[in-house]
Amino acid sequence: MKPTVLPANPNFSSGPCTKRPGWTPAVLTGALVGRSHRSAPGKEKLAEVIDRSRRLLGMPEDWRLAIVPASDTGAVEIALWSLLGARGVDVLAWESFGASWAQDVQSHLGIKDVRLLEAGYGSLPDLSKADADRDLVFVWNGTTSGVCLPHGEWISEDRRGLVICDATSAVFGVDISWSRLDVVTWSWQKAIGGEGAHGMLALGPRAVERLLTYVPSRPLPKVFRLTRNGALIEGLFRGETLNTPSMLCVEDALDALAWVESIGGLAGSLVRTQANATVIKEWVARTEWIDYLARDPAARSPTSICLAFADPRVAGLPEDKRRAFVQALAARLDAENAARDIANHRDAPPSLRIWAGPTVERSDLEALMPWLDWAFEAEAGTLRAH
């Protein structure tokens with residue numbers, strides 16, 4: 001039967017992610033619009049985003065944190081272009097974003113010694129093959145596959161190479177291992193539900209040392225430059241951004257960070273995420289037509305949860321027809337205001353993708369599950385009709 005209870009908030013997009021509970025545009029009334037971001041109040045707000053983020057995430061004291069342009073993508077690109085080339089590079093890729101970083105390193109940076117350690121959607125590469133003498137690039141949480149690193153213990157603490165981690169779908173939703181990493185990037189528009197266009201670039205002491213001792217042969221665009229005359233541009237880590245930020249987005253990020261503080265900080269954020277993931281886990285366990293895209297339970301993301309079709313009526317279809325099925329199912333749920341933006345990423349296998357990060361309410365996921373069952377049976381019925 002068609003469910004009668006709708007999610008209060010049907011937004012389950014994996015990016016930009018849903019706003020925090022209770023958000024309204026009124027939270028932006030204090031935004032420093034019409035003022036320079038280089039004014040004293042402007043720099044204070046930008047520095048506050050940095051300081052609150054450091055504190056909430058438990059970032060080590062000797063790490064640096066900057067706000068950079070172009071979201072998480074910009075933060076990763078700055079790290080790759082500024083830091084790589086001093087030694088060989090290993091790139092892990094098991095979904096589309098890791099594959100994008102591999103393409104950059106292999107095709108655009110001019111680095112000759114590159115190894116690609118890859119796996120298909122639903123699996124992790126063999127992590128034991130990562131060489132501690134080489135630089136390492138990877139995504140902690142595969143947003144488009146739902147495959148997430150279970151921990152960071154496979155990364156050597158005695159490494160000689162740098163470890164560059166794209167953690168945008170992990171930060172605030174997964175407990176990452178700072179001691180095993182040297183560069184961490186994320187954006188406001190993921191787990192805390194902020195607005196897009198701005199990224200966060202965190203540099204550990206080993207990454208800073210590389211910046212000060214290695215000069216890439218490639219030219220760096222202005223918005224990639226972290227050093228000047230052989231020294232760090234220290235203002236970057238105090239809110240003096242590389243380009244002009246949106247002060248509306250800054251105000252929204254401050255509101256999101258204040259909300260994280262109100263739910264108990266990082267610990268509270270992780271608890272909410274795990275509770276959300278449990279709702280879906282329990283539903284999958286009792287539902288025959290669906291399964292996780294991630295094969296190993298230990299590597300299943302609690303934030304970007306990707307689900308494959310187990311029912312032979314769909315699983316046995318050619319890929320183009322399975323993609324059409326996903327789009328039709330998602331459109332049916334959207335029309336009912338039950339779920340928005342839950343079709344797979346364009347590069348992923350035909351599947352459903354449901355964001356379950358901390359800004360999602362557990363009650364909304366509980367309300368969504370019966371709608372998924374209803375929509376599947378309705379769409380599967382059209383297959384029988386044809």
# chains A, B, ... in the order shown; residues from 1 in each chain; ligands from 1
>>> residues_around(residues="range 256-271 of chain A", least_positions_apart="5", cutoff="10 Å", atoms="only C-alpha atoms", output="CSV table (one decimal) with N, CA, C and O atoms, in the first residue's frame")
chain,number,residue,atom,x,y,z
A,19,LYS,N,20.3,21.0,4.6
A,19,LYS,CA,20.7,21.9,5.6
A,19,LYS,C,20.4,21.3,7.0
A,19,LYS,O,19.7,20.3,7.1
A,20,ARG,N,21.0,21.9,8.0
A,20,ARG,CA,20.8,21.4,9.4
A,20,ARG,C,19.3,21.6,9.8
A,20,ARG,O,18.6,22.4,9.3
A,21,PRO,N,18.9,20.7,10.7
A,21,PRO,CA,17.4,20.8,11.1
A,21,PRO,C,17.2,22.2,11.6
A,21,PRO,O,17.9,22.8,12.4
A,22,GLY,N,16.0,22.8,11.2
A,22,GLY,CA,15.6,24.1,11.7
A,22,GLY,C,16.2,25.3,10.9
A,22,GLY,O,15.9,26.4,11.2
A,23,TRP,N,17.0,25.0,9.9
A,23,TRP,CA,17.6,26.1,9.1
A,23,TRP,C,16.5,26.9,8.4
A,23,TRP,O,15.6,26.4,7.8
A,27,VAL,N,19.0,32.8,9.2
A,27,VAL,CA,20.3,32.7,9.9
A,27,VAL,C,21.4,33.5,9.2
A,27,VAL,O,22.5,33.7,9.7
A,48,GLU,N,37.0,32.8,12.2
A,48,GLU,CA,36.2,32.1,13.1
A,48,GLU,C,35.8,30.7,12.5
A,48,GLU,O,35.7,29.7,13.2
A,49,VAL,N,35.5,30.7,11.2
A,49,VAL,CA,35.3,29.4,10.5
A,49,VAL,C,36.5,28.5,10.7
A,49,VAL,O,36.3,27.3,11.0
A,52,ARG,N,36.8,27.5,14.6
A,52,ARG,CA,35.7,26.5,15.0
A,52,ARG,C,35.9,25.2,14.4
A,52,ARG,O,35.7,24.1,15.0
A,53,SER,N,36.3,25.1,13.1
A,53,SER,CA,36.5,23.9,12.4
A,53,SER,C,37.6,23.1,13.1
A,53,SER,O,37.5,21.9,13.3
A,55,ARG,N,38.7,23.3,16.1
A,55,ARG,CA,38.3,22.8,17.5
A,55,ARG,C,37.4,21.7,17.4
A,55,ARG,O,37.5,20.7,18.1
A,56,LEU,N,36.4,21.8,16.5
A,56,LEU,CA,35.3,20.7,16.5
A,56,LEU,C,35.9,19.4,16.0
A,56,LEU,O,35.5,18.3,16.4
A,57,LEU,N,36.8,19.5,15.0
A,57,LEU,CA,37.4,18.3,14.4
A,57,LEU,C,38.6,17.7,15.2
A,57,LEU,O,39.1,16.6,14.9
A,58,GLY,N,39.0,18.4,16.3
A,58,GLY,CA,40.1,17.9,17.0
A,58,GLY,C,41.4,17.9,16.3
A,58,GLY,O,42.3,17.0,16.4
A,171,VAL,N,34.6,14.0,6.7
A,171,VAL,CA,34.7,15.0,7.8
A,171,VAL,C,33.3,15.3,8.4
A,171,VAL,O,32.4,15.6,7.6
A,172,PHE,N,33.2,15.2,9.7
A,172,PHE,CA,32.0,15.4,10.5
A,172,PHE,C,31.0,14.2,10.4
A,172,PHE,O,30.0,14.2,11.1
A,173,GLY,N,31.4,13.2,9.6
A,173,GLY,CA,30.5,12.0,9.5
A,173,GLY,C,31.3,10.7,9.8
A,173,GLY,O,30.7,9.7,10.2
A,174,VAL,N,32.6,10.7,9.7
A,174,VAL,CA,33.4,9.6,9.9
A,174,VAL,C,34.6,10.1,10.7
A,174,VAL,O,35.1,11.2,10.5
A,175,ASP,N,35.1,9.2,11.6
A,175,ASP,CA,36.2,9.6,12.5
A,175,ASP,C,37.5,9.3,11.7
A,175,ASP,O,37.9,8.1,11.6
A,188,TRP,N,32.2,22.9,2.8
A,188,TRP,CA,31.1,23.1,3.7
A,188,TRP,C,29.8,22.5,3.2
A,188,TRP,O,28.9,22.2,4.0
A,191,ALA,N,29.0,17.4,4.8
A,191,ALA,CA,28.4,16.9,6.0
A,191,ALA,C,27.7,17.9,6.9
A,191,ALA,O,26.7,17.6,7.6
A,192,ILE,N,28.1,19.2,6.9
A,192,ILE,CA,27.5,20.2,7.7
A,192,ILE,C,26.4,20.9,7.0
A,192,ILE,O,25.8,21.8,7.5
A,193,GLY,N,26.2,20.6,5.7
A,193,GLY,CA,25.1,21.2,5.0
A,193,GLY,C,25.2,22.7,4.6
A,193,GLY,O,24.3,23.4,4.5
A,194,GLY,N,26.5,23.1,4.5
A,194,GLY,CA,26.7,24.5,4.1
A,194,GLY,C,26.6,24.7,2.7
A,194,GLY,O,26.2,23.8,1.9
A,195,GLU,N,26.8,26.0,2.2
A,195,GLU,CA,26.7,26.3,0.8
A,195,GLU,C,28.0,26.0,0.1
A,195,GLU,O,29.1,25.8,0.7
A,250,VAL,N,29.9,32.3,4.1
A,250,VAL,CA,30.7,32.2,5.4
A,250,VAL,C,29.7,32.3,6.6
A,250,VAL,O,29.9,31.5,7.6
A,251,GLU,N,28.7,33.1,6.5
A,251,GLU,CA,27.7,33.2,7.6
A,251,GLU,C,27.0,31.9,7.8
A,251,GLU,O,26.7,31.4,8.9
A,276,ASN,N,21.6,7.2,11.7
A,276,ASN,CA,21.0,7.2,10.4
A,276,ASN,C,21.3,6.0,9.5
A,276,ASN,O,20.5,5.4,8.9
A,277,ALA,N,22.6,5.7,9.5
A,277,ALA,CA,23.1,4.5,8.8
A,277,ALA,C,22.4,3.2,9.2
A,277,ALA,O,22.1,2.3,8.4
A,302,PRO,N,28.8,5.3,6.1
A,302,PRO,CA,27.6,5.6,6.8
A,302,PRO,C,27.0,6.9,6.4
A,302,PRO,O,26.0,7.3,6.9
A,303,THR,N,27.7,7.6,5.4
A,303,THR,CA,27.1,8.9,5.0
A,303,THR,C,26.5,8.8,3.6
A,303,THR,O,25.3,9.0,3.4
A,357,GLY,N,24.2,11.6,6.4
A,357,GLY,CA,25.0,12.4,7.3
A,357,GLY,C,24.3,13.1,8.4
A,357,GLY,O,23.1,12.9,8.5
A,358,PRO,N,25.0,13.8,9.2
A,358,PRO,CA,24.5,14.3,10.5
A,358,PRO,C,23.3,15.3,10.4
A,358,PRO,O,22.5,15.4,11.3
A,359,THR,N,23.2,16.0,9.3
A,359,THR,CA,22.1,17.0,9.1
A,359,THR,C,20.8,16.3,8.8
A,359,THR,O,19.8,17.0,8.8
>>> select_by_dssp(residues="range 40-74 of chain A", states="strand (DSSP E)", output="JSON, numbers by chain")
{"A": [64, 65, 66, 67, 68, 69]}
>>> write_last_selection(atoms="C-alpha atoms", output="short mmCIF file (atom, residue, chain, number, x, y, z; two decimals), in the first residue's frame")
data_model
loop_
_atom_site.label_atom_id
_atom_site.label_comp_id
_atom_site.auth_asym_id
_atom_site.auth_seq_id
_atom_site.Cartn_x
_atom_site.Cartn_y
_atom_site.Cartn_z
CA ARG A 64 47.43 24.64 9.47
CA LEU A 65 43.94 25.25 8.07
CA ALA A 66 42.90 27.60 5.27
CA ILE A 67 39.73 28.50 3.36
CA VAL A 68 40.34 28.08 -0.38
CA PRO A 69 38.31 28.59 -3.57
#
>>> closest_residue(among="A:Trp371, A:Trp355, A:Trp154, A:Tyr121", to="Leu181 in chain A", atoms="only C-alpha atoms")
A:Trp154
>>> residues_around(residues="Arg286 in chain A", least_positions_apart="6", cutoff="12 Å", atoms="only C-alpha atoms", output="PyMOL selection string")
chain A and resi 279-280+369-370+373
>>> residues_around(residues="Thr73 in chain A", least_positions_apart="2", cutoff="12 Å", atoms="only C-alpha atoms", output="PyMOL selection string")
chain A and resi 68-71+75-80+97-98+100-101+104+139+165-168+184-189+196-201+224
